[in-house]
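*Asks:* Below is the structure I would like to discuss, written out as structure tokens.
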Amino acid sequence: MDSKTAGSPAESTESPVALVVADFMFGARVQAALHQMGWGSKIVGTPDAALASLRESRPRLALVELGAGNPSRIQLLRDVRALPEGRDLPLLAFGSHKAKPALEAARETGATMVVSNGTLVSRFRELVQKALEADLPEEERFITEDD
């Protein structure tokens, strides 16, 4: 993951990132890249654990792995948006470029950004920073280049 471009957020460890991933090895890579950016993070493996974590820690950003169109991950996005503390939470959803229905569903559900796995890896720092922008243009919200 590209961890050597642009600056890091000012509120690093006080504003953790919640990672919702099924692949804990990939989650560990993401966590390491976030750490290099100055961010604290917490890996949660299930949608229920993610909701509990979001209520407790109030992260500034959540990264959600969509898996192979796992319906519980799409429901998680809906559930987060239904929470008062989740309405404005930046959600960066990612999945295989081949899982177009899952990527589209995440977009329709209100994820702040939806990107392919390959895009997440190659442009990680940039995407994390963009996801935190309040008024992200539509063309920058859905990036599904080939993995």
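Labels for the structure tokens follow display order: chains A, B, ..., residues from 1 in each chain, ligands from 1.
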Skipping near chain neighbours, those fewer than 4 positions away, what residues fall within 9 Å of range 16-20 of chain A using only C-alpha atoms, listed as a PyMOL selection string?
*Replies:* chain A and resi 11-12+27+30-31+34+39-47+49-50+53-54+57-66+73
*Asks:* I need the residues in range 90-142 of chain A that are strand (DSSP E or B) according to DSSP; give them as a VMD selection string.
*Replies:* chain A and resid 91 to 95 113 to 116 142
*Asks:* With N, CA and C atoms retained, export the selected residues as a PDB file, in the first residue's frame.
*Replies:*
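Generated file (result_32.pdb):
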ATOM      1  N   LEU A  91     -17.689   6.470   5.039  1.00  0.00           N
ATOM      2  CA  LEU A  91     -17.613   5.020   4.830  1.00  0.00           C
ATOM      3  C   LEU A  91     -16.879   4.763   3.525  1.00  0.00           C
ATOM      4  N   LEU A  92     -15.747   4.107   3.600  1.00  0.00           N
ATOM      5  CA  LEU A  92     -14.984   3.734   2.417  1.00  0.00           C
ATOM      6  C   LEU A  92     -15.167   2.234   2.232  1.00  0.00           C
ATOM      7  N   ALA A  93     -16.009   1.855   1.267  1.00  0.00           N
ATOM      8  CA  ALA A  93     -16.302   0.444   0.997  1.00  0.00           C
ATOM      9  C   ALA A  93     -15.419  -0.024  -0.153  1.00  0.00           C
ATOM     10  N   PHE A  94     -14.952  -1.276  -0.050  1.00  0.00           N
ATOM     11  CA  PHE A  94     -14.087  -1.796  -1.101  1.00  0.00           C
ATOM     12  C   PHE A  94     -14.364  -3.265  -1.335  1.00  0.00           C
ATOM     13  N   GLY A  95     -14.122  -3.694  -2.577  1.00  0.00           N
ATOM     14  CA  GLY A  95     -14.337  -5.083  -2.942  1.00  0.00           C
ATOM     15  C   GLY A  95     -13.757  -5.373  -4.313  1.00  0.00           C
ATOM     16  N   MET A 113     -17.379   6.501  -0.325  1.00  0.00           N
ATOM     17  CA  MET A 113     -16.587   6.091  -1.484  1.00  0.00           C
ATOM     18  C   MET A 113     -16.713   4.587  -1.641  1.00  0.00           C
ATOM     19  N   VAL A 114     -16.676   4.141  -2.899  1.00  0.00           N
ATOM     20  CA  VAL A 114     -16.692   2.710  -3.212  1.00  0.00           C
ATOM     21  C   VAL A 114     -15.576   2.483  -4.224  1.00  0.00           C
ATOM     22  N   VAL A 115     -14.635   1.617  -3.863  1.00  0.00           N
ATOM     23  CA  VAL A 115     -13.482   1.385  -4.729  1.00  0.00           C
ATOM     24  C   VAL A 115     -13.187  -0.099  -4.832  1.00  0.00           C
ATOM     25  N   SER A 116     -12.469  -0.455  -5.888  1.00  0.00           N
ATOM     26  CA  SER A 116     -12.028  -1.837  -6.034  1.00  0.00           C
ATOM     27  C   SER A 116     -10.832  -2.085  -5.118  1.00  0.00           C
ATOM     28  N   PHE A 142     -16.844   6.776  -6.734  1.00  0.00           N
ATOM     29  CA  PHE A 142     -17.029   5.395  -7.205  1.00  0.00           C
ATOM     30  C   PHE A 142     -15.907   5.077  -8.197  1.00  0.00           C
TER      31      PHE A 142
END
*Asks:* Enumerate, as a VMD selection string, the complete set of residues in range 73-131 of chain A that a backbone-based DSSP assignment places in alpha helix (DSSP H).
*Replies:* chain A and resid 73 to 82 100 to 109 117 to 122 124 to 131
*Asks:* Under the rule that only C-alpha atoms are counted, which of A:Arg55, A:Arg81, A:Lys130, A:Lys98 is the nearest residue to Gly118 in chain A?
*Replies:*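 Going through A:Arg55, A:Arg81, A:Lys130, A:Lys98 one by one, the smallest distance to Gly118 in chain A is for A:Lys98.
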*Asks:* Determine the nearest neighbour of Val128 in chain A from the options A:Met37, A:Ala99, A:Gly67, A:Ala106, counting only C-alpha atoms.
*Replies:*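 Smallest separation from Val128 in chain A among the options: A:Met37.
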*Asks:* Find the residues around Asp79 in chain A up to 8 Å (only C-alpha atoms counted), leave out those fewer than 4 positions away in its own chain, and share them as a list in words.
*Replies:*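 The contact residues come out as Leu51, Gln75 and Leu83 of chain A.
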*Asks:* Find, counting only C-alpha atoms, the residue in A:Leu120, A:Leu89, A:Ala52, A:Ala32 that gets nearest to Glu133 in chain A.
*Replies:*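 Closest to Glu133 in chain A of all the choices is A:Leu89.
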